[in-house]
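*Asks:* Just so it is clear, I am handing over run.cif, which has mmCIF, C-alpha atoms.
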```
data_start
#
loop_
_atom_site.label_atom_id
_atom_site.label_comp_id
_atom_site.auth_asym_id
_atom_site.auth_seq_id
_atom_site.Cartn_x
_atom_site.Cartn_y
_atom_site.Cartn_z
CA MET A 1 0.00 0.00 0.00
CA PRO A 2 1.35 3.44 -0.85
CA ALA A 3 1.99 5.71 2.11
CA THR A 4 -0.50 8.30 0.89
CA SER A 5 -3.52 6.03 1.36
CA ALA A 6 -2.82 5.79 5.07
CA ILE A 7 -3.15 9.54 5.57
CA ASP A 8 -6.09 10.18 3.24
CA PRO A 9 -9.34 9.28 5.05
CA LEU A 10 -11.24 9.50 1.75
CA THR A 11 -9.26 6.59 0.31
CA GLU A 12 -10.89 4.04 2.61
CA LEU A 13 -14.33 5.15 1.45
CA MET A 14 -13.67 4.08 -2.12
CA PRO A 15 -13.79 0.27 -1.73
CA ARG A 16 -16.97 0.69 0.35
CA ILE A 17 -18.57 2.81 -2.35
CA ALA A 18 -17.51 0.26 -4.96
CA ALA A 19 -19.26 -2.42 -2.87
CA GLY A 20 -22.51 -0.44 -2.99
CA ASP A 21 -22.38 1.22 0.44
CA ARG A 22 -24.55 4.34 0.14
CA ALA A 23 -23.53 5.65 3.55
CA ALA A 24 -19.93 5.76 2.29
CA LEU A 25 -20.98 7.72 -0.80
CA ARG A 26 -22.89 10.10 1.43
CA GLN A 27 -19.78 10.58 3.58
CA LEU A 28 -17.76 11.34 0.50
CA TYR A 29 -20.47 13.74 -0.68
CA GLN A 30 -20.49 15.55 2.65
CA ALA A 31 -16.72 15.85 2.66
CA THR A 32 -16.26 16.93 -0.95
CA SER A 33 -19.45 18.31 -2.54
CA SER A 34 -18.81 21.96 -1.69
CA LYS A 35 -15.34 21.67 -3.20
CA LEU A 36 -16.64 20.05 -6.37
CA PHE A 37 -19.59 22.46 -6.59
CA GLY A 38 -17.03 25.27 -6.49
CA VAL A 39 -15.17 23.60 -9.37
CA CYS A 40 -18.37 23.26 -11.46
CA LEU A 41 -19.42 26.84 -10.75
CA ARG A 42 -16.01 28.20 -11.65
CA ILE A 43 -16.07 26.44 -15.02
CA LEU A 44 -19.75 26.88 -15.88
CA SER A 45 -20.69 30.14 -14.10
CA ASN A 46 -24.24 28.78 -13.94
CA ARG A 47 -25.90 27.31 -10.87
CA ASP A 48 -28.48 25.07 -12.56
CA GLU A 49 -25.96 23.53 -14.91
CA SER A 50 -23.48 23.10 -12.07
CA GLU A 51 -26.09 21.24 -10.02
CA ASP A 52 -26.83 18.88 -12.91
CA VAL A 53 -23.14 18.25 -13.46
CA LEU A 54 -22.50 17.71 -9.75
CA GLN A 55 -25.25 15.10 -9.62
CA GLU A 56 -23.74 13.38 -12.64
CA VAL A 57 -20.31 13.44 -11.01
CA TYR A 58 -21.42 11.59 -7.86
CA ILE A 59 -23.34 9.04 -9.89
CA THR A 60 -20.19 8.52 -11.97
CA ILE A 61 -18.20 8.04 -8.76
CA TRP A 62 -20.84 5.54 -7.58
CA ARG A 63 -20.55 3.53 -10.77
CA ARG A 64 -16.80 3.89 -11.21
CA ALA A 65 -15.47 3.63 -7.65
CA ASP A 66 -14.12 0.17 -8.50
CA ARG A 67 -11.83 1.77 -11.09
CA PHE A 68 -10.20 4.03 -8.54
CA GLU A 69 -6.63 2.97 -7.85
CA ALA A 70 -5.24 4.35 -4.62
CA GLY A 71 -1.66 4.09 -5.82
CA ARG A 72 -2.27 6.15 -8.95
CA ALA A 73 -3.97 9.28 -7.69
CA SER A 74 -5.46 10.81 -4.58
CA VAL A 75 -9.24 10.61 -4.19
CA MET A 76 -9.52 14.37 -4.37
CA THR A 77 -7.57 14.55 -7.62
CA TRP A 78 -9.58 11.71 -9.11
CA ILE A 79 -12.98 13.16 -8.27
CA SER A 80 -11.94 16.73 -9.09
CA THR A 81 -10.76 15.54 -12.48
CA ILE A 82 -14.13 13.89 -13.10
CA ALA A 83 -15.92 17.09 -12.03
CA ARG A 84 -13.73 19.27 -14.22
CA ASN A 85 -14.08 16.98 -17.24
CA ARG A 86 -17.86 16.79 -16.90
CA ALA A 87 -18.17 20.56 -16.46
CA ILE A 88 -15.97 21.15 -19.50
CA ASP A 89 -18.01 18.65 -21.53
CA ARG A 90 -21.08 20.67 -20.62
CA LEU A 91 -19.34 23.93 -21.50
CA ARG A 92 -18.31 22.56 -24.89
CA ALA A 93 -21.85 21.29 -25.48
CA ARG A 94 -23.02 24.91 -25.41
CA GLY A 95 -21.45 25.09 -28.83
CA PRO A 96 -19.04 27.32 -30.67
CA LEU A 97 -20.45 30.47 -29.07
CA ALA A 98 -18.85 29.41 -25.83
CA TYR A 99 -15.52 30.10 -27.47
CA ALA A 100 -16.48 33.31 -29.21
CA GLU A 101 -15.13 35.64 -26.55
CA PRO A 102 -12.66 38.21 -27.79
CA VAL A 103 -9.13 38.07 -26.53
CA ASP A 104 -9.68 40.93 -24.06
CA GLU A 105 -11.94 38.68 -22.05
CA LEU A 106 -9.23 36.09 -21.68
CA GLU A 107 -8.42 37.72 -18.35
CA ILE A 108 -9.56 35.51 -15.49
CA GLU A 109 -10.18 38.11 -12.84
CA ASP A 110 -13.60 36.66 -12.05
CA GLY A 111 -13.08 34.20 -9.27
CA ALA A 112 -10.03 32.37 -10.58
CA PRO A 113 -7.38 32.37 -7.92
CA ARG A 114 -4.41 34.50 -8.85
CA ALA A 115 -0.96 33.45 -7.78
CA GLU A 116 -1.39 35.36 -4.51
CA ALA A 117 -4.56 33.49 -3.57
CA LEU A 118 -2.94 30.19 -4.41
CA LEU A 119 -0.12 30.99 -2.04
CA GLU A 120 -2.58 31.03 0.83
CA ALA A 121 -3.98 27.61 0.01
CA ALA A 122 -2.58 24.21 0.84
CA GLN A 123 1.05 23.29 0.45
CA SER A 124 0.75 21.73 -2.98
CA SER A 125 -1.25 24.71 -4.16
CA GLU A 126 1.48 26.88 -2.81
CA ALA A 127 4.12 25.11 -4.84
CA LEU A 128 2.03 25.17 -8.01
CA GLY A 129 1.04 28.80 -7.51
CA LYS A 130 4.64 29.78 -7.04
CA CYS A 131 5.74 27.91 -10.14
CA LEU A 132 2.90 29.33 -12.24
CA SER A 133 3.81 32.83 -11.14
CA GLU A 134 7.37 32.23 -12.28
CA LEU A 135 6.17 31.74 -15.85
CA ASP A 136 5.87 34.79 -18.03
CA GLU A 137 2.49 36.46 -17.62
CA ARG A 138 1.15 35.46 -21.02
CA THR A 139 2.03 31.78 -20.59
CA GLU A 140 0.54 31.69 -17.10
CA LYS A 141 -2.66 33.24 -18.39
CA VAL A 142 -2.94 30.84 -21.32
CA ILE A 143 -2.36 27.79 -19.10
CA ARG A 144 -4.96 28.95 -16.59
CA THR A 145 -7.48 29.70 -19.32
CA ALA A 146 -6.94 26.29 -20.90
CA PHE A 147 -7.35 24.58 -17.54
CA PHE A 148 -10.45 26.37 -16.29
CA ASP A 149 -12.28 26.93 -19.56
CA GLY A 150 -11.38 23.66 -21.29
CA VAL A 151 -10.25 25.64 -24.28
CA THR A 152 -8.54 23.68 -27.03
CA TYR A 153 -5.42 24.84 -28.86
CA GLU A 154 -7.57 25.78 -31.84
CA ALA A 155 -9.90 27.92 -29.75
CA LEU A 156 -7.03 29.55 -27.88
CA ALA A 157 -5.31 30.37 -31.15
CA ALA A 158 -8.52 31.87 -32.54
CA ARG A 159 -9.16 33.89 -29.40
CA MET A 160 -5.65 35.27 -29.32
CA GLU A 161 -5.38 35.68 -33.09
CA THR A 162 -2.10 33.83 -32.90
CA PRO A 163 -0.98 30.86 -35.01
CA LEU A 164 -1.83 27.53 -33.47
CA GLY A 165 1.78 26.37 -33.54
CA THR A 166 2.84 29.40 -31.53
CA VAL A 167 0.20 28.85 -28.85
CA LYS A 168 1.14 25.19 -28.70
CA SER A 169 4.80 25.98 -28.20
CA TRP A 170 3.99 28.55 -25.47
CA ILE A 171 2.02 25.96 -23.58
CA ARG A 172 4.44 23.10 -24.09
CA ARG A 173 7.35 25.25 -23.00
CA GLY A 174 5.33 26.53 -20.04
CA LEU A 175 4.44 22.99 -18.94
CA ALA A 176 8.08 21.89 -19.19
CA LYS A 177 9.13 24.85 -17.03
CA LEU A 178 6.33 24.14 -14.60
CA LYS A 179 7.50 20.59 -14.16
CA GLY A 180 11.09 21.66 -13.70
CA CYS A 181 10.04 24.20 -11.08
CA LEU A 182 7.80 21.74 -9.19
CA GLU A 183 10.62 19.21 -9.05
CA SER A 184 13.28 21.66 -7.90
CA MET B 1 16.90 36.72 -22.05
CA SER B 2 19.43 34.82 -20.04
CA GLU B 3 17.07 32.44 -18.25
CA PRO B 4 18.27 28.82 -18.15
CA LEU B 5 17.00 26.76 -21.02
CA THR B 6 14.36 24.19 -20.00
CA PRO B 7 14.52 20.99 -22.04
CA ASP B 8 11.29 20.16 -23.90
CA LEU B 9 9.11 17.41 -22.50
CA PRO B 10 9.44 14.11 -24.39
CA GLU B 11 6.62 13.84 -26.95
CA ASP B 12 4.64 11.23 -25.00
CA GLU B 13 4.77 13.22 -21.81
CA ALA B 14 3.93 16.47 -23.60
CA LEU B 15 0.81 14.80 -25.00
CA ALA B 16 -0.07 13.46 -21.55
CA ALA B 17 0.34 16.94 -20.08
CA GLU B 18 -1.84 18.44 -22.82
CA HIS B 19 -4.52 15.85 -22.12
CA ALA B 20 -4.42 16.63 -18.39
CA LEU B 21 -4.54 20.36 -19.11
CA GLY B 22 -7.47 19.93 -21.51
CA VAL B 23 -6.23 21.58 -24.71
CA LEU B 24 -6.82 18.58 -26.96
CA THR B 25 -9.80 18.39 -29.31
CA ALA B 26 -12.58 15.90 -28.57
CA ALA B 27 -11.09 13.43 -31.04
CA GLU B 28 -7.61 13.73 -29.58
CA ARG B 29 -9.00 13.38 -26.07
CA ALA B 30 -10.82 10.18 -26.96
CA ALA B 31 -7.61 8.82 -28.51
CA ALA B 32 -5.66 9.75 -25.39
CA GLU B 33 -8.23 8.05 -23.12
CA LEU B 34 -8.03 4.89 -25.21
CA ARG B 35 -4.27 4.98 -25.12
CA MET B 36 -4.36 5.30 -21.33
CA ALA B 37 -6.25 2.03 -21.21
CA ARG B 38 -3.55 0.12 -23.06
CA ASP B 39 -0.36 2.04 -22.30
CA PRO B 40 0.37 2.15 -18.54
CA ALA B 41 3.42 4.40 -18.96
CA PHE B 42 1.32 6.98 -20.79
CA ALA B 43 -1.47 6.64 -18.20
CA ALA B 44 1.07 7.25 -15.44
CA HIS B 45 2.20 10.45 -17.18
CA VAL B 46 -1.41 11.67 -17.42
CA ASP B 47 -2.05 10.84 -13.76
CA ALA B 48 1.13 12.62 -12.70
CA TRP B 49 0.12 15.71 -14.66
CA ARG B 50 -3.39 15.64 -13.22
CA GLU B 51 -1.80 15.60 -9.75
CA ARG B 52 0.46 18.50 -10.72
CA LEU B 53 -2.40 20.63 -12.01
CA ALA B 54 -5.11 19.62 -9.51
CA PRO B 55 -3.98 22.18 -6.91
CA MET B 56 -5.47 24.84 -9.21
CA LEU B 57 -8.85 23.23 -8.46
CA ALA B 58 -8.04 22.79 -4.77
CA ALA B 59 -7.43 26.52 -4.52
CA LEU B 60 -10.93 27.40 -5.75
CA PRO B 61 -13.40 28.60 -3.15
CA SER B 62 -15.83 25.95 -1.85
CA VAL B 63 -19.52 26.63 -2.37
CA SER B 64 -22.15 24.68 -0.41
CA ALA B 65 -24.13 22.43 -2.74
CA PRO B 66 -27.91 22.99 -2.63
CA VAL B 67 -29.69 21.12 0.16
CA GLY B 68 -31.93 19.12 -2.17
CA LEU B 69 -29.13 17.73 -4.27
CA TRP B 70 -28.11 14.74 -2.15
CA PRO B 71 -31.66 13.29 -2.12
CA ARG B 72 -31.73 13.69 -5.90
CA ILE B 73 -28.46 11.78 -6.18
CA GLU B 74 -29.62 9.11 -3.77
CA ARG B 75 -32.77 8.55 -5.81
CA ALA B 76 -30.70 8.09 -8.95
CA LEU B 77 -28.42 5.43 -7.43
CA PRO B 78 -30.62 2.34 -7.82
CA ALA B 79 -30.68 2.64 -11.58
CA ASN B 80 -26.91 2.72 -11.48
CA ASP B 81 -26.15 -0.37 -9.48
CA ASN B 82 -27.04 -4.04 -9.46
CA ALA B 83 -29.75 -3.84 -6.82
CA GLY B 84 -32.33 -2.29 -9.15
CA ALA B 85 -34.92 -2.41 -6.35
CA SER B 86 -36.36 1.09 -6.50
CA VAL B 87 -35.95 1.63 -10.20
CA LYS B 88 -39.64 2.33 -10.64
CA LEU B 89 -39.57 5.08 -8.06
CA TRP B 90 -36.53 6.60 -9.67
CA ARG B 91 -38.03 6.44 -13.12
CA GLY B 92 -41.10 8.30 -11.98
CA LEU B 93 -39.00 11.06 -10.52
CA ALA B 94 -36.56 11.18 -13.35
CA MET B 95 -39.28 12.00 -15.84
CA GLY B 96 -39.81 15.25 -13.98
CA GLY B 97 -36.23 16.32 -13.69
CA ILE B 98 -34.55 14.46 -16.50
CA SER B 99 -31.03 15.78 -16.83
CA VAL B 100 -29.65 17.26 -19.97
CA ALA B 101 -27.17 14.40 -20.12
CA ALA B 102 -29.96 11.84 -20.11
CA ALA B 103 -31.85 13.88 -22.66
CA SER B 104 -28.87 14.00 -24.96
CA LEU B 105 -28.42 10.28 -24.50
CA VAL B 106 -32.02 9.84 -25.58
CA ALA B 107 -31.23 11.97 -28.61
CA VAL B 108 -28.31 9.74 -29.52
CA ILE B 109 -30.44 6.65 -29.13
CA VAL B 110 -33.22 8.14 -31.23
CA LEU B 111 -30.67 8.84 -33.94
CA ALA B 112 -29.27 5.37 -33.59
CA VAL B 113 -32.49 3.40 -33.52
CA ARG B 114 -34.32 5.35 -36.16
CA PRO B 115 -33.04 5.29 -39.71
CA PRO B 116 -34.29 8.38 -41.60
CA GLN B 117 -36.96 6.60 -43.66
CA VAL B 118 -38.76 5.06 -40.67
CA VAL B 119 -41.93 6.92 -39.74
CA THR B 120 -43.27 4.69 -36.95
CA PRO B 121 -42.98 6.52 -33.66
CA PRO B 122 -40.38 4.78 -31.49
CA GLN B 123 -42.32 5.42 -28.28
CA PRO B 124 -43.60 1.90 -27.54
CA ASP B 125 -40.12 0.36 -27.79
CA PHE B 126 -38.60 3.16 -25.81
CA ALA B 127 -40.12 2.02 -22.55
CA GLN B 128 -38.47 -1.35 -23.02
CA LEU B 129 -35.01 -0.12 -23.94
CA LEU B 130 -32.13 -0.65 -21.57
CA ASN B 131 -29.39 1.89 -21.94
CA ALA B 132 -25.75 2.03 -21.03
CA ARG B 133 -23.23 4.79 -21.27
CA LEU B 134 -19.77 3.31 -21.51
CA ASP B 135 -17.11 5.50 -20.03
CA THR B 136 -13.41 5.33 -19.31
CA SER B 137 -11.82 5.35 -15.88
CA GLY B 138 -11.50 9.11 -16.40
CA GLY B 139 -15.27 9.35 -16.76
CA GLN B 140 -15.32 10.17 -20.47
CA HIS B 141 -18.15 8.66 -22.52
CA LEU B 142 -16.78 6.69 -25.44
CA PHE B 143 -19.79 4.56 -26.41
CA VAL B 144 -23.53 4.53 -25.85
CA ALA B 145 -25.56 1.36 -26.10
CA ALA B 146 -29.26 0.58 -26.05
CA TYR B 147 -30.62 -2.95 -25.78
CA ASP B 148 -34.05 -3.72 -27.20
CA PRO B 149 -35.24 -6.85 -25.35
CA VAL B 150 -38.18 -7.30 -27.72
CA ARG B 151 -36.11 -7.46 -30.89
CA LYS B 152 -33.09 -8.84 -28.99
CA LYS B 153 -30.82 -6.30 -30.60
CA LEU B 154 -28.12 -4.08 -29.17
CA ILE B 155 -27.71 -0.68 -30.79
CA VAL B 156 -24.26 0.73 -30.19
CA THR B 157 -22.80 4.09 -31.10
CA SER B 158 -19.06 4.69 -30.93
CA LEU B 159 -18.04 8.25 -30.11
CA VAL B 160 -14.43 7.40 -30.87
CA THR B 161 -13.00 9.30 -33.82
CA PRO B 162 -12.32 7.10 -36.83
CA GLY B 163 -8.63 6.55 -37.43
CA ALA B 164 -7.62 7.38 -33.86
CA ASP B 165 -6.05 3.96 -33.41
CA PRO B 166 -5.87 2.03 -36.69
CA ALA B 167 -3.76 -0.77 -35.20
CA HIS B 168 -6.56 -2.01 -32.90
CA VAL B 169 -10.23 -2.89 -33.02
CA HIS B 170 -12.94 -2.38 -30.42
CA GLU B 171 -14.76 -5.46 -29.21
CA LEU B 172 -18.06 -5.32 -27.34
CA TRP B 173 -18.76 -7.57 -24.38
CA LEU B 174 -21.78 -8.42 -22.34
CA ILE B 175 -20.85 -9.05 -18.70
CA PRO B 176 -23.87 -10.37 -16.78
CA ALA B 177 -24.16 -11.08 -13.07
CA ASP B 178 -21.79 -14.08 -13.23
CA GLY B 179 -18.95 -11.75 -14.24
CA LYS B 180 -18.03 -13.76 -17.34
CA ALA B 181 -17.59 -11.65 -20.49
CA ARG B 182 -19.40 -12.77 -23.67
CA SER B 183 -18.38 -11.24 -26.98
CA LEU B 184 -21.06 -9.37 -28.92
CA GLY B 185 -18.90 -8.41 -31.89
CA LEU B 186 -16.79 -5.51 -33.09
CA ILE B 187 -17.72 -1.86 -33.43
CA GLU B 188 -15.98 0.52 -35.85
CA PRO B 189 -14.91 3.88 -34.40
CA GLY B 190 -17.39 6.66 -35.10
CA THR B 191 -20.19 4.40 -36.32
CA SER B 192 -23.54 3.11 -35.08
CA LYS B 193 -24.31 -0.56 -35.39
CA THR B 194 -27.18 -2.88 -34.54
CA LEU B 195 -25.96 -6.21 -33.24
CA PRO B 196 -28.27 -9.18 -32.89
CA VAL B 197 -27.86 -10.73 -29.45
CA PRO B 198 -27.88 -14.56 -29.71
CA ALA B 199 -30.69 -16.39 -27.92
CA GLY B 200 -28.35 -17.81 -25.30
CA LEU B 201 -27.18 -14.34 -24.34
CA SER B 202 -30.34 -12.28 -24.61
CA ALA B 203 -31.65 -13.70 -21.32
CA LEU B 204 -28.51 -12.35 -19.65
CA ALA B 205 -28.88 -8.81 -21.03
CA LYS B 206 -30.77 -7.54 -18.03
CA GLU B 207 -30.77 -4.39 -16.02
CA GLY B 208 -27.50 -4.22 -14.08
CA ALA B 209 -25.51 -6.29 -16.58
CA SER B 210 -22.43 -4.50 -17.90
CA ILE B 211 -21.54 -3.69 -21.47
CA ALA B 212 -17.82 -3.21 -22.00
CA VAL B 213 -15.47 -2.46 -24.86
CA SER B 214 -11.95 -3.84 -24.99
CA VAL B 215 -9.09 -2.81 -27.25
CA GLU B 216 -8.04 -5.83 -29.29
CA PRO B 217 -5.75 -6.82 -32.16
CA PRO B 218 -7.37 -6.83 -35.62
CA GLY B 219 -10.05 -9.52 -35.81
CA GLY B 220 -10.84 -9.32 -32.12
CA SER B 221 -9.87 -11.32 -29.07
CA LYS B 222 -8.68 -14.87 -29.66
CA ALA B 223 -9.22 -15.66 -26.00
CA ASP B 224 -12.37 -16.68 -24.16
CA GLY B 225 -12.89 -13.10 -22.99
CA PRO B 226 -11.12 -9.78 -23.56
CA SER B 227 -7.41 -10.20 -24.31
CA GLY B 228 -6.74 -6.46 -24.34
CA PRO B 229 -7.53 -3.73 -21.82
CA VAL B 230 -11.14 -2.75 -21.16
CA ALA B 231 -11.31 0.84 -22.34
CA ALA B 232 -14.87 1.65 -21.36
CA ILE B 233 -17.66 0.03 -19.39
CA GLY B 234 -21.21 0.84 -18.32
CA LYS B 235 -24.27 -0.86 -16.85
CA LEU B 236 -27.59 -1.44 -18.56
CA ALA B 237 -30.31 0.66 -16.94
CA ARG B 238 -33.69 2.09 -17.84
CA ILE B 239 -33.71 5.81 -18.43
#
```
Output the file's structure in the form of structure tokens.
*Replies:*
Amino acid sequence: MPATSAIDPLTELMPRIAAGDRAALRQLYQATSSKLFGVCLRILSNRDESEDVLQEVYITIWRRADRFEAGRASVMTWISTIARNRAIDRLRARGPLAYAEPVDELEIEDGAPRAEALLEAAQSSEALGKCLSELDERTEKVIRTAFFDGVTYEALAARMETPLGTVKSWIRRGLAKLKGCLES
Amino acid sequence: MSEPLTPDLPEDEALAAEHALGVLTAAERAAAELRMARDPAFAAHVDAWRERLAPMLAALPSVSAPVGLWPRIERALPANDNAGASVKLWRGLAMGGISVAAASLVAVIVLAVRPPQVVTPPQPDFAQLLNARLDTSGGQHLFVAAYDPVRKKLIVTSLVTPGADPAHVHELWLIPADGKARSLGLIEPGTSKTLPVPAGLSALAKEGASIAVSVEPPGGSKADGPSGPVAAIGKLARI
């Protein structure tokens, strides 16, 4: 057993959920729903849609708990990833208009944590926030936009009126630097 | 600029990072999810990048979920597990607050079960249909299936982009309560197909049975069950 599973109380809920224990799912819901609702709201900016997505997320967890592997990821990362993916699917289902914002609106002032806010959060957030803030401002902004808005390379390139290859190389270089920084 | 040069990420890891970040198109994402199922090294890269980026989500403010949401979730659970006891109750409620996801699934099924020239309303069969959304361990839908117990046919739609993985085929499996996988045939990426379910198997295609897709060498599995990784799985349930 990896050491992390011993310190994460959510990990022991997963096999119970996989075995059909509703009380365990409820415990997980109580411990994590406000976090995941925050994730859905941040991505969708719409309460009704976020509620629908959140419901879908916990039903997905209920059905897929047996696929959770404690050694591969933390519970929080696993369920946050499901929430983010589902919210982004919903965002993309709104259609091309969802990507029609002009480049000026690429700013993420509205509720996205800036590097400063990240610094106040947990330790891992602190490290990531610090490393993101070490990127040049444009790269940091593009990475955050991609992450929170589920924006593809194509859509980013269109929004920024920049060739796709350029955007791709900004992001790839940014991710390489991010990794180097997180490992240092 | 005199900043130290950072080496580029190796191509596989760069792709994994892009998948975790979310900049790939729907087709590329589906290909990446399939690759995760059969390439553990690539899957490990994606997982590592999800861990690296997840703190951005952890730093978001928490917002209390609405009070009525947990009961809604609880009511939807029976249709999603093997018990199936209160399915009728759930169905009644679901008709009132049917989610957009379920509605879009219905739309897919309507498209799949109804060739353009057919004018008969599909309503009577609809009540009988058992549906399954097959998703990956990352929760992405890759296939939708509907079983018609009257005609004993399974209608499957692949949401995988054609050409994403030409070296492999996708084989469908029925996994009933006994846990033993029975092959139902192959499904081409990006297509819809109606598969007759043999008499011996149709009795097993019940609510709660799983439909799975494995990634196999051309021609399908030579073994008595999937020989390649199961890329997506879902349970048959009434909408």
*Asks:* Find the spatial neighbours of Ala167 (chain B), counting only C-alpha atoms, within a cut-off of 10 Å - ignore same-chain residues fewer than 6 positions away - and output them as an mmCIF file with C-alpha atoms, in the frame of the given file.
*Replies:*
```cif
data_model
loop_
_atom_site.group_PDB
_atom_site.id
_atom_site.type_symbol
_atom_site.label_atom_id
_atom_site.label_comp_id
_atom_site.auth_asym_id
_atom_site.auth_seq_id
_atom_site.Cartn_x
_atom_site.Cartn_y
_atom_site.Cartn_z
ATOM 1 C CA VAL B 215 -9.090 -2.810 -27.250
ATOM 2 C CA GLU B 216 -8.040 -5.830 -29.290
ATOM 3 C CA PRO B 217 -5.750 -6.820 -32.160
ATOM 4 C CA PRO B 218 -7.370 -6.830 -35.620
#
```
*Asks:* Define the interface residues of chain B facing chain A as those within 7 Å, counting only C-alpha atoms, and report them as a CSV table (one decimal) with C-alpha atoms, in the frame of the given file.
*Replies:*
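Okay, this is what ended up in result_16.csv:
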```csv
chain,number,residue,atom,x,y,z
B,6,THR,CA,14.4,24.2,-20.0
B,8,ASP,CA,11.3,20.2,-23.9
B,9,LEU,CA,9.1,17.4,-22.5
B,14,ALA,CA,3.9,16.5,-23.6
B,21,LEU,CA,-4.5,20.4,-19.1
B,22,GLY,CA,-7.5,19.9,-21.5
B,23,VAL,CA,-6.2,21.6,-24.7
B,24,LEU,CA,-6.8,18.6,-27.0
B,25,THR,CA,-9.8,18.4,-29.3
B,47,ASP,CA,-2.0,10.8,-13.8
B,51,GLU,CA,-1.8,15.6,-9.8
B,54,ALA,CA,-5.1,19.6,-9.5
B,55,PRO,CA,-4.0,22.2,-6.9
B,56,MET,CA,-5.5,24.8,-9.2
B,57,LEU,CA,-8.8,23.2,-8.5
B,59,ALA,CA,-7.4,26.5,-4.5
B,60,LEU,CA,-10.9,27.4,-5.8
B,61,PRO,CA,-13.4,28.6,-3.2
B,62,SER,CA,-15.8,26.0,-1.8
B,63,VAL,CA,-19.5,26.6,-2.4
B,64,SER,CA,-22.2,24.7,-0.4
B,65,ALA,CA,-24.1,22.4,-2.7
B,73,ILE,CA,-28.5,11.8,-6.2
B,77,LEU,CA,-28.4,5.4,-7.4
B,80,ASN,CA,-26.9,2.7,-11.5
B,81,ASP,CA,-26.2,-0.4,-9.5
B,99,SER,CA,-31.0,15.8,-16.8
B,137,SER,CA,-11.8,5.4,-15.9
B,138,GLY,CA,-11.5,9.1,-16.4
B,139,GLY,CA,-15.3,9.4,-16.8
```
*Asks:* For Glu137 (chain A), which residue out of A:Trp170, A:Ala70, A:Leu91, A:Leu44 is the nearest one, using all atoms listed in the file?
*Replies:*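 Closest to Glu137 (chain A), using all atoms listed in the file: A:Trp170.
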*Asks:* Would you pick out the contacts of Gly190 (chain B) at 7 Å or less, using only C-alpha atoms, so that residues sharing its chain but fewer than 3 positions from it are not included, and give the list as a short mmCIF file (atom, residue, chain, number, x, y, z; two decimals) with C-alpha atoms, in the frame of the given file?
*Replies:*
```cif
data_model
loop_
_atom_site.label_atom_id
_atom_site.label_comp_id
_atom_site.auth_asym_id
_atom_site.auth_seq_id
_atom_site.Cartn_x
_atom_site.Cartn_y
_atom_site.Cartn_z
CA SER B 158 -19.06 4.69 -30.93
CA LEU B 159 -18.04 8.25 -30.11
CA VAL B 160 -14.43 7.40 -30.87
CA THR B 161 -13.00 9.30 -33.82
CA PRO B 162 -12.32 7.10 -36.83
#
```
*Asks:* One number please: CA of Val150 (chain B) to CA of Glu188 (chain B), in Å, one decimal.
*Replies:*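 Distance reported for this atom pair: 24.9 Å.
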*Asks:* May I ask for the distance between CA of Asp39 (chain B) and CA of Gly220 (chain B), given in Å to one decimal place?
*Replies:*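 These atoms are spaced 18.3 Å apart.
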*Asks:* List as an mmCIF file with C-alpha atoms, in the frame of the given file the protein and nucleic acid residues near Glu13 (chain B), meaning an atom at most 8 Å away when all atoms listed in the file are counted, but skip any in the same chain fewer than 3 places from it.
*Replies:*
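Saved file part.cif follows:
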```cif
data_model
loop_
_atom_site.group_PDB
_atom_site.id
_atom_site.type_symbol
_atom_site.label_atom_id
_atom_site.label_comp_id
_atom_site.auth_asym_id
_atom_site.auth_seq_id
_atom_site.Cartn_x
_atom_site.Cartn_y
_atom_site.Cartn_z
ATOM 1 C CA LEU B 9 9.110 17.410 -22.500
ATOM 2 C CA PRO B 10 9.440 14.110 -24.390
ATOM 3 C CA ALA B 16 -0.070 13.460 -21.550
ATOM 4 C CA ALA B 17 0.340 16.940 -20.080
ATOM 5 C CA PHE B 42 1.320 6.980 -20.790
ATOM 6 C CA HIS B 45 2.200 10.450 -17.180
ATOM 7 C CA VAL B 46 -1.410 11.670 -17.420
#
```
*Asks:* Kindly give the distance, in Å, that separates CA of Leu10 (chain A) and CA of Ala31 (chain A), rounded to a single decimal.
*Replies:*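 Straight-line distance from CA of Leu10 (chain A) to CA of Ala31 (chain A) works out to 8.4 Å.
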*Asks:* List, as a PyMOL selection string, every residue that the PyMOL selection byres ((chain B and resi 152) around 10) selects in the file provided.
*Replies:* chain B and resi 147-151+153-155+195-199+201-203+205
*Asks:* As lines of an AutoDock Vina configuration file, please: the centre and edge lengths in Å, to one decimal, of an axis-aligned box enclosing every listed atom of region 127-132 of chain B with 5 Å added on each side.
*Replies:*
```
center_x = -32.9
center_y = 0.3
center_z = -22.5
size_x = 24.4
size_y = 13.4
size_z = 12.9
```
*Asks:* Looking at B:Pro176, B:Leu53, B:Ser192, B:Leu34, which one is nearest to Ala145 (chain B), with distances taken over all atoms listed in the file?
*Replies:*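 For Ala145 (chain B), the nearest of the given residues is B:Ser192.
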*Asks:* Find the residue from A:Leu13, A:Ser45, A:Val142, A:Ser184 that sits nearest to Arg159 (chain A); use all atoms listed in the file when measuring.
*Replies:* A:Val142
*Asks:* For Lys222 (chain B), which residue among B:Ala209, B:Ala237, B:Ala31, B:Glu171 is the nearest when counting all atoms listed in the file?
*Replies:*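 Under the stated criterion, the closest residue is B:Glu171.
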